[in-house]
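Below is one structure; the comments refer to it alone.
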Amino acid sequence: MRIVHTLRTLSLLTAIIYSTLGTAQPNTPTWTLKGFDQPESVVGDEQFLYVSNINGTPMEANGEGYISKITSSGQWIKQRWAEGMDAPKGMAIHEGYLYVADLSRLHKIDLRNGKTVAQWHAPAAQMLNDVTVSPEGIVYVSDLLAGGLYRLVDGEFSLWKSYAEIEHPNGVFWEDNQLIIGNWGQGLNDDFSTHSLGTLYRLNLANETLTPFHDGTPLGNIDGITRINDTIWISDWLAGDLMKSDGSNKQHLGQGLADIGSVGNILYAPMMMDGTVNAWQP
């Protein structure tokens with residue numbers, strides 16, 4: 001009886017701590033797969049998932065970065081499915097191809113065989129970070145360090161737009177002719193912390209109007225952005241928090257929670273510091 005009472009007391013204390021911090025207790029992952037080398041991004045379809053592995057430091061052009069292929073249920077297909085990259089980060093899939101941001105390069109990889117079929121170089125880019133693609137095949141890429149948004153149109157890859165409000169863009173997500181952009185924050189320090197936290201913006205591609213979500217509420221050092229049903233989810237890499245776009249339903253998953261992705265109602269969370277990928281039902 002004393003053991004049961006102690007466990008109940010510990011459970012209550014944990015709930016109180018999370019409540020005090022304003023963070024909900026995380027759900028148990030549907031599955032966890034270990035063995036990655038600094039996983040940064042997860043994208044996929046109903047059958048397979050693709051995971052970018054930095055395999056070095058985020059700025060290191062060492063040629064050791066690669067993409068892993070796993071099943072949607074968390075089983076290995078091939079760890080080094082696509083190789084020859086430096087520090088690959090964000091990815092997006094469009095019409096049988098995988099687009100990968102890699103420092104100053106954008107790779108196009110054939111999903112049938114993992115072969116790179118095209119590359120584009122942006123000499124002024126410092127850390128190309130996240131990727132999203134419109135239904136028409138226009139590829140949008142953020143540059144976290146130098147700032148600005150790049151665009152691939154008709155085979156031409158170049159700097160497209162920069163905004164003072166979005167000093168360090170990270171997550172990008174296309175939907176309904178709008179580009180949702182996550183700002184890492186303002187005033188970047190060497191350890192990737194910021195003087196002020198970032199927020200979400202919506203760029204209307206029809207009239208190029210930029211507006212903040214939820215009156216520009218500071219949310220965190222925003223990394224990944226994805227949608228499940230009617231909810232937009234974002235990740236805070238530095239704090240390790242998963243939350244809704246208005247900052248609610250915050251769940252602490254662990255520092256290094258990087259570029260989240262989703263298929264159906266399952267959210268996939270790459271944990272860069274732990275070398276794992278977790279599947280969640282938030």
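Letters for chains follow the order of the structure tokens (A, B, ...), residue numbers begin at 1 for each chain, and ligand numbers begin at 1 in the order shown.
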
(message) For stretch 56-59 of chain A, find every residue with an atom within 9 Å (counting only C-alpha atoms), except residues of its own chain fewer than 3 positions away, and show them as JSON, numbers by chain.
(response) {"A": [37, 38, 53, 62, 64, 65, 86, 87, 88, 89, 103, 126, 127]}

(request) Write out as a list in words the residues lying within 7 Å of stretch 139-154 of chain A, counting only C-alpha atoms and excluding same-chain residues fewer than 4 positions away. (result)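 Close residues of stretch 139-154 of chain A: Ala125, Gln126, Met127, Leu128, Asn129, Asp130, Val131, Thr132, Val133, Ser134, Ser158, Leu159, Trp160, Lys161, Ser162, Tyr163, Glu167, His168, Pro169, Asn170 and Val172 of chain A.
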
Deliver the residues from the most recent selection as a file, using N, CA, C and O atoms, as an mmCIF file, in the first residue's frame.
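Contents of part.cif, freshly written:
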data_model
loop_
_atom_site.group_PDB
_atom_site.id
_atom_site.type_symbol
_atom_site.label_atom_id
_atom_site.label_comp_id
_atom_site.auth_asym_id
_atom_site.auth_seq_id
_atom_site.Cartn_x
_atom_site.Cartn_y
_atom_site.Cartn_z
ATOM 1 N N ALA A 125 23.904 31.383 -49.844
ATOM 2 C CA ALA A 125 23.189 30.723 -48.744
ATOM 3 C C ALA A 125 24.174 30.202 -47.704
ATOM 4 O O ALA A 125 25.269 29.758 -48.029
ATOM 5 N N GLN A 126 23.754 30.233 -46.431
ATOM 6 C CA GLN A 126 24.618 29.765 -45.350
ATOM 7 C C GLN A 126 24.089 28.492 -44.683
ATOM 8 O O GLN A 126 24.866 27.637 -44.293
ATOM 9 N N MET A 127 22.788 28.393 -44.529
ATOM 10 C CA MET A 127 22.215 27.166 -43.968
ATOM 11 C C MET A 127 20.800 26.989 -44.507
ATOM 12 O O MET A 127 19.815 27.320 -43.848
ATOM 13 N N LEU A 128 20.693 26.465 -45.716
ATOM 14 C CA LEU A 128 19.377 26.119 -46.235
ATOM 15 C C LEU A 128 18.767 25.104 -45.291
ATOM 16 O O LEU A 128 19.400 24.114 -44.929
ATOM 17 N N ASN A 129 17.508 25.349 -44.896
ATOM 18 C CA ASN A 129 17.020 24.585 -43.758
ATOM 19 C C ASN A 129 15.766 23.772 -44.006
ATOM 20 O O ASN A 129 15.764 22.561 -43.797
ATOM 21 N N ASP A 130 14.676 24.395 -44.413
ATOM 22 C CA ASP A 130 13.453 23.624 -44.606
ATOM 23 C C ASP A 130 12.965 23.794 -46.038
ATOM 24 O O ASP A 130 13.306 24.752 -46.725
ATOM 25 N N VAL A 131 12.130 22.831 -46.466
ATOM 26 C CA VAL A 131 11.669 22.772 -47.855
ATOM 27 C C VAL A 131 10.170 22.492 -47.874
ATOM 28 O O VAL A 131 9.672 21.694 -47.075
ATOM 29 N N THR A 132 9.470 23.137 -48.785
ATOM 30 C CA THR A 132 8.078 22.804 -49.060
ATOM 31 C C THR A 132 7.827 23.018 -50.541
ATOM 32 O O THR A 132 8.542 23.790 -51.191
ATOM 33 N N VAL A 133 6.841 22.332 -51.093
ATOM 34 C CA VAL A 133 6.575 22.377 -52.535
ATOM 35 C C VAL A 133 5.093 22.636 -52.768
ATOM 36 O O VAL A 133 4.236 22.023 -52.119
ATOM 37 N N SER A 134 4.797 23.522 -53.711
ATOM 38 C CA SER A 134 3.416 23.780 -54.089
ATOM 39 C C SER A 134 2.938 22.675 -55.022
ATOM 40 O O SER A 134 3.747 21.945 -55.602
ATOM 41 N N SER A 158 17.093 30.456 -56.820
ATOM 42 C CA SER A 158 17.665 31.743 -56.434
ATOM 43 C C SER A 158 16.930 32.333 -55.237
ATOM 44 O O SER A 158 15.820 31.896 -54.887
ATOM 45 N N LEU A 159 17.551 33.331 -54.618
ATOM 46 C CA LEU A 159 16.936 34.042 -53.511
ATOM 47 C C LEU A 159 15.686 34.751 -54.016
ATOM 48 O O LEU A 159 15.705 35.458 -55.024
ATOM 49 N N TRP A 160 14.602 34.576 -53.299
ATOM 50 C CA TRP A 160 13.308 35.082 -53.740
ATOM 51 C C TRP A 160 12.856 36.272 -52.912
ATOM 52 O O TRP A 160 12.580 37.335 -53.437
ATOM 53 N N LYS A 161 12.798 36.126 -51.574
ATOM 54 C CA LYS A 161 12.326 37.198 -50.711
ATOM 55 C C LYS A 161 13.060 37.181 -49.379
ATOM 56 O O LYS A 161 13.496 36.129 -48.901
ATOM 57 N N SER A 162 13.159 38.382 -48.783
ATOM 58 C CA SER A 162 13.677 38.530 -47.425
ATOM 59 C C SER A 162 12.769 39.495 -46.677
ATOM 60 O O SER A 162 12.248 40.449 -47.266
ATOM 61 N N TYR A 163 12.593 39.240 -45.394
ATOM 62 C CA TYR A 163 11.726 40.078 -44.575
ATOM 63 C C TYR A 163 12.439 40.420 -43.267
ATOM 64 O O TYR A 163 12.996 39.539 -42.603
ATOM 65 N N GLU A 167 13.829 37.406 -39.435
ATOM 66 C CA GLU A 167 15.286 37.520 -39.548
ATOM 67 C C GLU A 167 15.939 36.167 -39.803
ATOM 68 O O GLU A 167 16.920 36.068 -40.541
ATOM 69 N N HIS A 168 15.388 35.117 -39.182
ATOM 70 C CA HIS A 168 15.966 33.776 -39.320
ATOM 71 C C HIS A 168 14.858 32.765 -39.608
ATOM 72 O O HIS A 168 14.417 32.031 -38.713
ATOM 73 N N PRO A 169 14.402 32.691 -40.849
ATOM 74 C CA PRO A 169 13.322 31.745 -41.183
ATOM 75 C C PRO A 169 13.800 30.307 -41.100
ATOM 76 O O PRO A 169 14.918 29.982 -41.501
ATOM 77 N N ASN A 170 12.940 29.454 -40.552
ATOM 78 C CA ASN A 170 13.284 28.034 -40.493
ATOM 79 C C ASN A 170 12.176 27.218 -41.156
ATOM 80 O O ASN A 170 12.228 26.951 -42.345
ATOM 81 N N VAL A 172 9.033 25.971 -43.139
ATOM 82 C CA VAL A 172 8.149 26.480 -44.190
ATOM 83 C C VAL A 172 7.148 25.382 -44.537
ATOM 84 O O VAL A 172 7.484 24.200 -44.559
#

(request) Within stretch 154-276 of chain A, find each residue whose DSSP state, derived from the backbone, is strand (DSSP E or B), and express the selection as an MDAnalysis selection string. (result) chainID A and resid 156:161 163 166 169:175 178:183 185:188 194:198 200:204 209:212 220 222:228 231:236 241:244 251:252 257 259 261:263 266:271 276

(request) Could you tell me how far atom CA of A:Gly220 lies from atom CA of A:Lys34, in Å and to one decimal? (result)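 Interatomic distance here is 26.5 Å.
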
(request) Kindly indicate which residue among A:Leu98, A:Val42, A:Ala164, A:Ala258 lies nearest to A:Thr116, using only C-alpha atoms for the distances. (result)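 The shortest atom-to-atom distance to A:Thr116 comes from A:Leu98.
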
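When atom CA of A:Gly216 is paired with atom CA of A:Gly198, their separation reads 8.7 Å.
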
(request) May I have the residues within 7 Å of stretch 225-236 of chain A as a list in words, using only C-alpha atoms and disregarding those fewer than 5 positions away in the same chain? (result)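 So, after excluding close chain neighbours, the residues are Gly171, Val172, Phe173, Gly220, Asp241, Leu242, Met243, Lys244, Ser245, Leu257, Ala258, Ile260, Gly261, Ser262, Gly264 and Asn265 of chain A.
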
(request) Between atom CA of A:Leu238 and atom CA of A:Trp81, measure the distance and give it in Å to one decimal. (result)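 Computing the Euclidean distance for atom CA of A:Leu238 and atom CA of A:Trp81 yields 28.4 Å.
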
(message) Taking only C-alpha atoms into account, name the residue in A:Ile109, A:Leu210, A:Leu33, A:Ala279 that is nearest to A:Ile67.
(response)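 Using only C-alpha atoms, the shortest distance to A:Ile67 belongs to A:Ile109.
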
(request) Please provide as a ChimeraX atom specification all residues within 10 Å of A:His214, with the sequence filter that same-chain residues fewer than 6 positions apart are discarded (counting only C-alpha atoms). (result) /A:199-201,245-247
